[in-house]
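Asker: Below is a structure I'd like to ask you about.
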Amino acid sequence: MKDLYILSLHLAYGGLQRAVCEFANLMAEHYQVHILSFYDMPSGPAYPIDSRVSIRYLYNDIPNREEFKAALKEKRPLSALKEGIRATRTLIAKRTGIIRAVKGISSGIIVSTRDEYAVLLSRYGKKNVVKIAQLHQDFAYEKQMPRHFAHDYENIDLFTLLSPKLAREAKEIMKENRHTKVVYVPNFMMEVPPEASLTEKKKEVIAVGRLHPVKGFDRMIESFASLHAAFPDWTLRIVGDGEEYPKLEKTVRDCKAEEYVILAGKYTTEEIAAAMAEASVYAMSSYSEGFPYVLLEAMAGSLPIVAYDTRGGLDMLVKQGENGYLVQTKEAFEKSLAALMRDTELREKMALKSRSLVQQFTGEAVAETWYQLIEEQCHDKEV
C-alpha cells in the first residue's frame, strides 16, 4: 500500500481543516495515510479521523497572535517582546519544519493544503515523489499566490482547485508550466447526516463561521435588523468565535437587536448539524469564499441558502431560484431573505432541493476522480 502524506497547518476547527480530515478519511480506503500537522492545537483534531490515519505533529507550541496583540494593547512591553520573539521563532519553525518533513519523504505521495506549503513542496520534494497541491480558497485577493503559481509550482505534478472557474484561471496563469496538471475537484462530505424534518424547523436564520471581517457578519446583522419589524418572530443565530466578537456585539447593540440576534459562540460538529436541522434558512455574507464546506453542511441540513455571490464555487452549490439565491447587493440580500422568511412553501421546496443537490458532493461521488488522478501520477513516476 502506497504512503500518502498530507501537510496541514493544524487540525482544529475550520472549513479547511474539515476538508483535510474528510480527504484523509477517503484516502485511507486506498493508501496508508499520514497527516503531518504543524501545530498540535488543544481543540484538535476537531473532526473525526479514521483509525487507519496516523497523525504526526511537527511543532510543540501553538499560535500566540492573541497574546501578542493583548500585550501591545495593554502596553506591557516586556510581555510584548517575549511574545514577539515567540512569534518569530514560530514563523521560522513553520518553514523549516515543513522543509524538513518534505525532505524526509523519499517515496509515495505528498499533498499540500496551503499555497506556502505547495511552494516548499515544489522546491524540496524529491523527484520520485508524487507532489500534489490543493488550494482551498479564492486566490484573487492574494497577490502572492498567482505569482507563486506562475513561478514556484514548476515541480508540482497535480494542482487541484475547488471550482472549474478557479482551475481555468490558474491554468491560464500557469500556461508556461508544461509539467503541472491543473484540475478541478470539489470538497465533499464522507457522511451526510439523516434528513431533517421540515415540520420541526424553527423560524430561525443560521450562519456559521469564524468571526473575521472577511465573513461580513456585521452587514448580515444590519440586514436582519432591518427586516425585524416585518418578521418579529424570526431570530438570527451566528455560530462561531474569533477576533470580531466584540465588534459584532457592538453591532448587535447599535441595532438594538439583542433579543433576536444570537452570537452563539463555537459549536462542535454535532452541535452545528443539530442547529442546521432546526433552522429554516442559511445565510452567508462573506466577501470572499472558495468552496465553503459549511454550505455542504447547510444543504445536508435541508436549508435554502441566501449568499453574496463571491468569485469562488458558490454557484456550484447554490442554484439560483432552485435551492436559494446568490446576490450582489445588500438590498437583494434582504429581499431574498424576506422572500424565504415569508413563504413556508418556498422554503420547503428549496430545502428539498438542497438536500438533493448535496448528494453530488459525497465521498462516494468524488472518490473515483481522486483515485484516478493520483494513480495516473503514480504511474507516470512509477511509484
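Labeling convention for the C-alpha cells: chains A, B, ... as they appear, residues from 1 per chain, ligands from 1 in order of appearance.
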At a cut-off of 12 Å, using only C-alpha atoms, what residues contact A:Cys21? Leave out same-chain residues fewer than 6 positions from it and give the result as a ChimeraX atom specification.

Answerer: /A:6-8,10-15,27-28,33-37,44-51,53-55,113,187-190,293,363

Asker: Run DSSP on the backbone of this structure and report the residues of stretch 83-300 of chain A it assigns to helix (DSSP H, G or I), as a VMD selection string.

Answerer: chain A and resid 83 to 103 115 to 124 144 to 152 164 to 173 198 to 200 213 to 215 217 to 227 245 to 254 269 to 278 293 to 300

Asker: Contacts of A:Val102 at 9 Å or less, counting only C-alpha atoms, minus same-chain residues fewer than 2 places along, as a PDB file with C-alpha atoms, in the first residue's frame?

Answerer:
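Output file selection-v9.pdb follows:
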```pdb
ATOM      1  CA  LEU A   7       0.675  18.637   5.020  1.00  0.00           C
ATOM      2  CA  GLY A  97       9.628  22.202   9.902  1.00  0.00           C
ATOM      3  CA  ILE A  98       7.776  21.707   6.619  1.00  0.00           C
ATOM      4  CA  ILE A  99      11.032  21.683   4.629  1.00  0.00           C
ATOM      5  CA  ARG A 100      12.467  19.026   6.940  1.00  0.00           C
ATOM      6  CA  GLY A 104      12.469  13.322   4.771  1.00  0.00           C
ATOM      7  CA  ILE A 105       9.943  11.629   2.453  1.00  0.00           C
ATOM      8  CA  SER A 106      11.637   9.565  -0.249  1.00  0.00           C
ATOM      9  CA  ILE A 110       2.689  14.258  -0.674  1.00  0.00           C
ATOM     10  CA  LEU A 120       8.107  24.354  -0.438  1.00  0.00           C
ATOM     11  CA  LEU A 121       6.885  21.016  -1.788  1.00  0.00           C
ATOM     12  CA  TYR A 124      12.216  20.495  -1.814  1.00  0.00           C
ATOM     13  CA  GLY A 125      10.122  17.444  -2.721  1.00  0.00           C
ATOM     14  CA  LYS A 126      12.151  14.532  -4.064  1.00  0.00           C
TER      15      LYS A 126
END
```

Asker: Could you give me, as a ChimeraX atom specification, the residues within 12 Å of A:Gly209, counting only C-alpha atoms and dropping anything in the same chain fewer than 3 positions from it?

Answerer: /A:13-16,206,212-217,237-245,263-267,272,282-286,289,292-295,297

Asker: Please measure the separation of atom CA of A:Glu176 and atom CA of A:Ala140, giving the value in Å to one decimal.

Answerer: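 Interatomic distance here is 19.5 Å.
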
Asker: So, counting only C-alpha atoms, which residue among A:Arg86, A:His379, A:His148, A:Lys201 is closest to A:Ser122?

Answerer: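 Among the listed residues, the smallest separation from A:Ser122 belongs to A:His148.
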
Asker: What's around A:Asn128 at 8 Å? Count only C-alpha atoms, leave out sequence neighbours fewer than 2 positions away in its own chain, and write the answer as a PDB file with N, CA and C atoms, in the first residue's frame.

Answerer:
```pdb
ATOM      1  N   SER A 106      10.911  10.003   0.943  1.00  0.00           N
ATOM      2  CA  SER A 106      11.637   9.565  -0.249  1.00  0.00           C
ATOM      3  C   SER A 106      10.780   8.778  -1.237  1.00  0.00           C
ATOM      4  N   SER A 107       9.540   8.449  -0.848  1.00  0.00           N
ATOM      5  CA  SER A 107       8.662   7.733  -1.765  1.00  0.00           C
ATOM      6  C   SER A 107       7.212   7.998  -1.395  1.00  0.00           C
ATOM      7  N   LYS A 126      11.270  15.378  -3.274  1.00  0.00           N
ATOM      8  CA  LYS A 126      12.151  14.532  -4.064  1.00  0.00           C
ATOM      9  C   LYS A 126      11.517  14.211  -5.423  1.00  0.00           C
ATOM     10  N   VAL A 130       5.343  11.749  -5.758  1.00  0.00           N
ATOM     11  CA  VAL A 130       4.228  12.453  -6.403  1.00  0.00           C
ATOM     12  C   VAL A 130       3.870  13.664  -5.549  1.00  0.00           C
ATOM     13  N   LYS A 381       5.277   8.272 -12.497  1.00  0.00           N
ATOM     14  CA  LYS A 381       6.535   8.312 -11.729  1.00  0.00           C
ATOM     15  C   LYS A 381       6.989   6.924 -11.277  1.00  0.00           C
ATOM     16  N   GLU A 382       6.188   5.924 -11.669  1.00  0.00           N
ATOM     17  CA  GLU A 382       6.490   4.546 -11.280  1.00  0.00           C
ATOM     18  C   GLU A 382       6.578   4.401  -9.768  1.00  0.00           C
ATOM     19  N   VAL A 383       5.646   5.054  -9.068  1.00  0.00           N
ATOM     20  CA  VAL A 383       5.599   4.982  -7.611  1.00  0.00           C
ATOM     21  C   VAL A 383       4.885   3.704  -7.207  1.00  0.00           C
TER      22      VAL A 383
END
```

Asker: Show me, as a PDB file with all heavy atoms, in the first residue's frame, the residues that have an atom within 8 Å of stretch 351-362 of chain A when counting only C-alpha atoms, minus same-chain residues fewer than 3 positions from it.

Answerer:
```pdb
ATOM      1  N   PRO A 186     -14.027  19.061  -6.294  1.00  0.00           N
ATOM      2  CA  PRO A 186     -14.741  19.779  -5.233  1.00  0.00           C
ATOM      3  C   PRO A 186     -14.488  19.202  -3.850  1.00  0.00           C
ATOM      4  O   PRO A 186     -13.986  18.075  -3.708  1.00  0.00           O
ATOM      5  CB  PRO A 186     -16.205  19.572  -5.619  1.00  0.00           C
ATOM      6  CG  PRO A 186     -16.210  18.222  -6.270  1.00  0.00           C
ATOM      7  CD  PRO A 186     -14.915  18.147  -7.036  1.00  0.00           C
ATOM      8  N   ASN A 187     -14.833  19.969  -2.828  1.00  0.00           N
ATOM      9  CA  ASN A 187     -14.922  19.422  -1.474  1.00  0.00           C
ATOM     10  C   ASN A 187     -16.074  18.419  -1.415  1.00  0.00           C
ATOM     11  O   ASN A 187     -16.928  18.389  -2.308  1.00  0.00           O
ATOM     12  CB  ASN A 187     -15.151  20.534  -0.448  1.00  0.00           C
ATOM     13  CG  ASN A 187     -13.859  21.201  -0.032  1.00  0.00           C
ATOM     14  OD1 ASN A 187     -12.782  20.638  -0.159  1.00  0.00           O
ATOM     15  ND2 ASN A 187     -13.949  22.431   0.465  1.00  0.00           N
ATOM     16  N   PHE A 188     -16.113  17.645  -0.350  1.00  0.00           N
ATOM     17  CA  PHE A 188     -17.136  16.607  -0.248  1.00  0.00           C
ATOM     18  C   PHE A 188     -17.372  16.264   1.214  1.00  0.00           C
ATOM     19  O   PHE A 188     -16.584  16.610   2.094  1.00  0.00           O
ATOM     20  CB  PHE A 188     -16.697  15.348  -1.012  1.00  0.00           C
ATOM     21  CG  PHE A 188     -15.382  14.795  -0.541  1.00  0.00           C
ATOM     22  CD1 PHE A 188     -15.330  13.853   0.479  1.00  0.00           C
ATOM     23  CD2 PHE A 188     -14.186  15.223  -1.108  1.00  0.00           C
ATOM     24  CE1 PHE A 188     -14.118  13.356   0.929  1.00  0.00           C
ATOM     25  CE2 PHE A 188     -12.971  14.732  -0.658  1.00  0.00           C
ATOM     26  CZ  PHE A 188     -12.939  13.791   0.358  1.00  0.00           C
ATOM     27  N   MET A 189     -18.471  15.567   1.463  1.00  0.00           N
ATOM     28  CA  MET A 189     -18.789  15.051   2.796  1.00  0.00           C
ATOM     29  C   MET A 189     -18.698  13.532   2.758  1.00  0.00           C
ATOM     30  O   MET A 189     -19.295  12.894   1.883  1.00  0.00           O
ATOM     31  CB  MET A 189     -20.204  15.449   3.218  1.00  0.00           C
ATOM     32  CG  MET A 189     -20.464  16.930   3.266  1.00  0.00           C
ATOM     33  SD  MET A 189     -22.147  17.298   3.854  1.00  0.00           S
ATOM     34  CE  MET A 189     -21.957  17.016   5.616  1.00  0.00           C
ATOM     35  N   MET A 190     -17.966  12.947   3.685  1.00  0.00           N
ATOM     36  CA  MET A 190     -17.890  11.488   3.746  1.00  0.00           C
ATOM     37  C   MET A 190     -19.235  10.901   4.150  1.00  0.00           C
ATOM     38  O   MET A 190     -19.669   9.888   3.625  1.00  0.00           O
ATOM     39  CB  MET A 190     -16.808  11.053   4.724  1.00  0.00           C
ATOM     40  CG  MET A 190     -15.397  11.193   4.165  1.00  0.00           C
ATOM     41  SD  MET A 190     -15.066  10.095   2.773  1.00  0.00           S
ATOM     42  CE  MET A 190     -14.910   8.514   3.605  1.00  0.00           C
ATOM     43  N   GLU A 191     -19.887  11.552   5.119  1.00  0.00           N
ATOM     44  CA  GLU A 191     -21.173  11.059   5.593  1.00  0.00           C
ATOM     45  C   GLU A 191     -22.185  12.208   5.632  1.00  0.00           C
ATOM     46  O   GLU A 191     -21.919  13.244   6.234  1.00  0.00           O
ATOM     47  CB  GLU A 191     -21.045  10.443   6.994  1.00  0.00           C
ATOM     48  CG  GLU A 191     -20.202   9.178   7.030  1.00  0.00           C
ATOM     49  CD  GLU A 191     -20.193   8.536   8.406  1.00  0.00           C
ATOM     50  OE1 GLU A 191     -20.986   8.972   9.266  1.00  0.00           O
ATOM     51  OE2 GLU A 191     -19.392   7.615   8.624  1.00  0.00           O
ATOM     52  N   VAL A 192     -23.303  12.014   4.993  1.00  0.00           N
ATOM     53  CA  VAL A 192     -24.392  13.005   5.021  1.00  0.00           C
ATOM     54  C   VAL A 192     -25.316  12.645   6.180  1.00  0.00           C
ATOM     55  O   VAL A 192     -25.774  11.500   6.278  1.00  0.00           O
ATOM     56  CB  VAL A 192     -25.163  13.007   3.696  1.00  0.00           C
ATOM     57  CG1 VAL A 192     -26.335  13.976   3.764  1.00  0.00           C
ATOM     58  CG2 VAL A 192     -24.232  13.361   2.540  1.00  0.00           C
ATOM     59  N   GLU A 195     -31.816  13.025   7.088  1.00  0.00           N
ATOM     60  CA  GLU A 195     -32.609  14.148   6.577  1.00  0.00           C
ATOM     61  C   GLU A 195     -33.398  14.822   7.692  1.00  0.00           C
ATOM     62  O   GLU A 195     -34.005  14.159   8.526  1.00  0.00           O
ATOM     63  CB  GLU A 195     -33.561  13.654   5.487  1.00  0.00           C
ATOM     64  CG  GLU A 195     -34.261  14.768   4.736  1.00  0.00           C
ATOM     65  CD  GLU A 195     -34.950  14.261   3.488  1.00  0.00           C
ATOM     66  OE1 GLU A 195     -34.846  13.053   3.201  1.00  0.00           O
ATOM     67  OE2 GLU A 195     -35.581  15.078   2.800  1.00  0.00           O
ATOM     68  N   LEU A 296     -22.113  22.857   2.284  1.00  0.00           N
ATOM     69  CA  LEU A 296     -22.455  21.438   2.198  1.00  0.00           C
ATOM     70  C   LEU A 296     -23.226  21.016   3.445  1.00  0.00           C
ATOM     71  O   LEU A 296     -24.212  20.273   3.364  1.00  0.00           O
ATOM     72  CB  LEU A 296     -21.188  20.590   2.055  1.00  0.00           C
ATOM     73  CG  LEU A 296     -20.413  20.699   0.739  1.00  0.00           C
ATOM     74  CD1 LEU A 296     -19.189  19.793   0.786  1.00  0.00           C
ATOM     75  CD2 LEU A 296     -21.292  20.356  -0.449  1.00  0.00           C
ATOM     76  N   MET A 299     -26.760  22.427   3.190  1.00  0.00           N
ATOM     77  CA  MET A 299     -27.565  21.667   2.234  1.00  0.00           C
ATOM     78  C   MET A 299     -27.959  20.315   2.813  1.00  0.00           C
ATOM     79  O   MET A 299     -29.092  19.863   2.658  1.00  0.00           O
ATOM     80  CB  MET A 299     -26.792  21.507   0.925  1.00  0.00           C
ATOM     81  CG  MET A 299     -26.612  22.815   0.165  1.00  0.00           C
ATOM     82  SD  MET A 299     -25.300  22.747  -1.083  1.00  0.00           S
ATOM     83  CE  MET A 299     -25.997  21.568  -2.245  1.00  0.00           C
ATOM     84  N   ALA A 300     -27.009  19.674   3.510  1.00  0.00           N
ATOM     85  CA  ALA A 300     -27.321  18.389   4.148  1.00  0.00           C
ATOM     86  C   ALA A 300     -28.372  18.558   5.237  1.00  0.00           C
ATOM     87  O   ALA A 300     -29.151  17.640   5.515  1.00  0.00           O
ATOM     88  CB  ALA A 300     -26.058  17.778   4.731  1.00  0.00           C
ATOM     89  N   GLY A 301     -28.411  19.752   5.843  1.00  0.00           N
ATOM     90  CA  GLY A 301     -29.408  20.060   6.859  1.00  0.00           C
ATOM     91  C   GLY A 301     -30.723  20.542   6.284  1.00  0.00           C
ATOM     92  O   GLY A 301     -31.568  21.067   7.028  1.00  0.00           O
ATOM     93  N   SER A 302     -30.923  20.377   4.989  1.00  0.00           N
ATOM     94  CA  SER A 302     -32.172  20.766   4.311  1.00  0.00           C
ATOM     95  C   SER A 302     -32.478  22.250   4.492  1.00  0.00           C
ATOM     96  O   SER A 302     -33.545  22.634   4.961  1.00  0.00           O
ATOM     97  CB  SER A 302     -33.347  19.908   4.794  1.00  0.00           C
ATOM     98  OG  SER A 302     -33.104  18.541   4.561  1.00  0.00           O
ATOM     99  N   LEU A 303     -31.512  23.082   4.105  1.00  0.00           N
ATOM    100  CA  LEU A 303     -31.684  24.526   4.241  1.00  0.00           C
ATOM    101  C   LEU A 303     -31.593  25.227   2.892  1.00  0.00           C
ATOM    102  O   LEU A 303     -30.658  24.982   2.122  1.00  0.00           O
ATOM    103  CB  LEU A 303     -30.600  25.107   5.156  1.00  0.00           C
ATOM    104  CG  LEU A 303     -30.704  24.775   6.637  1.00  0.00           C
ATOM    105  CD1 LEU A 303     -29.501  25.310   7.386  1.00  0.00           C
ATOM    106  CD2 LEU A 303     -31.978  25.345   7.226  1.00  0.00           C
ATOM    107  N   PRO A 304     -32.539  26.112   2.589  1.00  0.00           N
ATOM    108  CA  PRO A 304     -32.349  27.028   1.467  1.00  0.00           C
ATOM    109  C   PRO A 304     -31.277  28.037   1.853  1.00  0.00           C
ATOM    110  O   PRO A 304     -31.080  28.326   3.046  1.00  0.00           O
ATOM    111  CB  PRO A 304     -33.716  27.693   1.323  1.00  0.00           C
ATOM    112  CG  PRO A 304     -34.342  27.593   2.670  1.00  0.00           C
ATOM    113  CD  PRO A 304     -33.805  26.338   3.295  1.00  0.00           C
ATOM    114  N   LEU A 317     -22.961  25.233  -5.738  1.00  0.00           N
ATOM    115  CA  LEU A 317     -23.761  24.747  -4.624  1.00  0.00           C
ATOM    116  C   LEU A 317     -25.141  25.395  -4.574  1.00  0.00           C
ATOM    117  O   LEU A 317     -26.128  24.728  -4.236  1.00  0.00           O
ATOM    118  CB  LEU A 317     -23.020  25.013  -3.307  1.00  0.00           C
ATOM    119  CG  LEU A 317     -21.661  24.319  -3.168  1.00  0.00           C
ATOM    120  CD1 LEU A 317     -20.916  24.855  -1.947  1.00  0.00           C
ATOM    121  CD2 LEU A 317     -21.826  22.824  -3.063  1.00  0.00           C
ATOM    122  N   GLU A 322     -33.505  27.755  -7.237  1.00  0.00           N
ATOM    123  CA  GLU A 322     -33.829  26.350  -7.018  1.00  0.00           C
ATOM    124  C   GLU A 322     -33.646  25.950  -5.553  1.00  0.00           C
ATOM    125  O   GLU A 322     -34.568  25.433  -4.929  1.00  0.00           O
ATOM    126  CB  GLU A 322     -32.967  25.457  -7.911  1.00  0.00           C
ATOM    127  CG  GLU A 322     -33.215  25.641  -9.397  1.00  0.00           C
ATOM    128  CD  GLU A 322     -32.399  24.676 -10.226  1.00  0.00           C
ATOM    129  OE1 GLU A 322     -32.149  23.547  -9.752  1.00  0.00           O
ATOM    130  OE2 GLU A 322     -31.989  25.044 -11.344  1.00  0.00           O
ATOM    131  N   ASN A 323     -32.448  26.177  -5.014  1.00  0.00           N
ATOM    132  CA  ASN A 323     -32.242  25.890  -3.588  1.00  0.00           C
ATOM    133  C   ASN A 323     -31.755  27.130  -2.840  1.00  0.00           C
ATOM    134  O   ASN A 323     -31.275  27.033  -1.716  1.00  0.00           O
ATOM    135  CB  ASN A 323     -31.252  24.737  -3.385  1.00  0.00           C
ATOM    136  CG  ASN A 323     -29.825  25.114  -3.729  1.00  0.00           C
ATOM    137  OD1 ASN A 323     -29.574  25.796  -4.735  1.00  0.00           O
ATOM    138  ND2 ASN A 323     -28.877  24.662  -2.927  1.00  0.00           N
ATOM    139  N   ARG A 347     -39.717  27.869   1.122  1.00  0.00           N
ATOM    140  CA  ARG A 347     -38.606  27.352   1.945  1.00  0.00           C
ATOM    141  C   ARG A 347     -38.517  25.836   1.834  1.00  0.00           C
ATOM    142  O   ARG A 347     -37.429  25.272   1.670  1.00  0.00           O
ATOM    143  CB  ARG A 347     -38.789  27.748   3.416  1.00  0.00           C
ATOM    144  CG  ARG A 347     -38.601  29.202   3.713  1.00  0.00           C
ATOM    145  CD  ARG A 347     -38.352  29.431   5.194  1.00  0.00           C
ATOM    146  NE  ARG A 347     -39.351  28.859   6.080  1.00  0.00           N
ATOM    147  CZ  ARG A 347     -40.476  29.453   6.445  1.00  0.00           C
ATOM    148  NH1 ARG A 347     -40.762  30.650   5.958  1.00  0.00           N
ATOM    149  NH2 ARG A 347     -41.316  28.879   7.297  1.00  0.00           N
ATOM    150  N   GLU A 348     -39.651  25.182   1.944  1.00  0.00           N
ATOM    151  CA  GLU A 348     -39.641  23.718   1.933  1.00  0.00           C
ATOM    152  C   GLU A 348     -39.238  23.176   0.567  1.00  0.00           C
ATOM    153  O   GLU A 348     -38.509  22.185   0.478  1.00  0.00           O
ATOM    154  CB  GLU A 348     -41.006  23.192   2.355  1.00  0.00           C
ATOM    155  CG  GLU A 348     -41.315  23.470   3.828  1.00  0.00           C
ATOM    156  CD  GLU A 348     -42.644  22.882   4.285  1.00  0.00           C
ATOM    157  OE1 GLU A 348     -43.400  22.395   3.413  1.00  0.00           O
ATOM    158  OE2 GLU A 348     -42.906  22.903   5.503  1.00  0.00           O
ATOM    159  N   ALA A 365     -19.250  10.095  -4.361  1.00  0.00           N
ATOM    160  CA  ALA A 365     -19.390  10.742  -5.663  1.00  0.00           C
ATOM    161  C   ALA A 365     -18.049  11.186  -6.245  1.00  0.00           C
ATOM    162  O   ALA A 365     -17.873  11.212  -7.465  1.00  0.00           O
ATOM    163  CB  ALA A 365     -20.326  11.948  -5.544  1.00  0.00           C
ATOM    164  N   VAL A 366     -17.084  11.556  -5.398  1.00  0.00           N
ATOM    165  CA  VAL A 366     -15.808  12.085  -5.905  1.00  0.00           C
ATOM    166  C   VAL A 366     -14.645  11.116  -5.737  1.00  0.00           C
ATOM    167  O   VAL A 366     -13.538  11.396  -6.205  1.00  0.00           O
ATOM    168  CB  VAL A 366     -15.451  13.429  -5.223  1.00  0.00           C
ATOM    169  CG1 VAL A 366     -16.567  14.444  -5.409  1.00  0.00           C
ATOM    170  CG2 VAL A 366     -15.149  13.234  -3.741  1.00  0.00           C
TER     171      VAL A 366
END
```

Asker: Determine the nearest neighbour of A:Ser197 from the options A:Ala167, A:Ala133, A:Leu81, A:Ala277, counting only C-alpha atoms.

Answerer: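 The closest residue to A:Ser197 is A:Ala277.
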
Asker: Could you state the separation of atom CA of A:Thr235 and atom CA of A:Val261 in Å, given to one decimal place?

Answerer: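 These atoms are spaced 5.9 Å apart.
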
Asker: Given only C-alpha atoms as the basis, pick out the residue of A:Glu278, A:Glu116, A:Glu66, A:Glu270 nearest to A:Ala196.

Answerer: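 Closest to A:Ala196, using only C-alpha atoms: A:Glu278.
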
Asker: Considering only C-alpha atoms, return as a list in words whatever protein or nucleic-acid residues lie within 8 Å of stretch 257-260 of chain A, sequence-local ones (same chain, fewer than 6 positions apart) excluded.

Answerer: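 Those residues are Ala225, Trp234, Thr235 and Leu236 of chain A.
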
Asker: So how many Å separate atom CA of A:Arg114 and atom CA of A:Phe159, to one decimal?

Answerer: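 Going from atom CA of A:Arg114 over to atom CA of A:Phe159 covers 11.3 Å.
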
Asker: Ranking A:Ser163, A:Gln320, A:Ser112, A:Gln377 by minimum distance to A:Phe139 and counting only C-alpha atoms, which one comes first?

Answerer: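 Nearest to A:Phe139: A:Ser163.
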
Asker: Which of stretch 274-342 of chain A counts as strand (DSSP E) under DSSP, as JSON, numbers by chain please?

Answerer: {"A": [281, 282, 283, 284, 305, 306, 307, 308, 324, 325, 326, 327]}

Asker: Smallest atom-to-atom distance to A:Ala170: which of A:Ile305, A:Ile156, A:Ala150, A:Leu91, using only C-alpha atoms?

Answerer: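 Smallest separation from A:Ala170 among the options: A:Ala150.
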
Asker: Counting only C-alpha atoms, which of A:Ile62, A:Ile85, A:Leu162, A:Met316 gets nearest to A:Met41?

Answerer: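 Once distances to A:Met41 are computed over only C-alpha atoms, the minimum belongs to A:Ile62.
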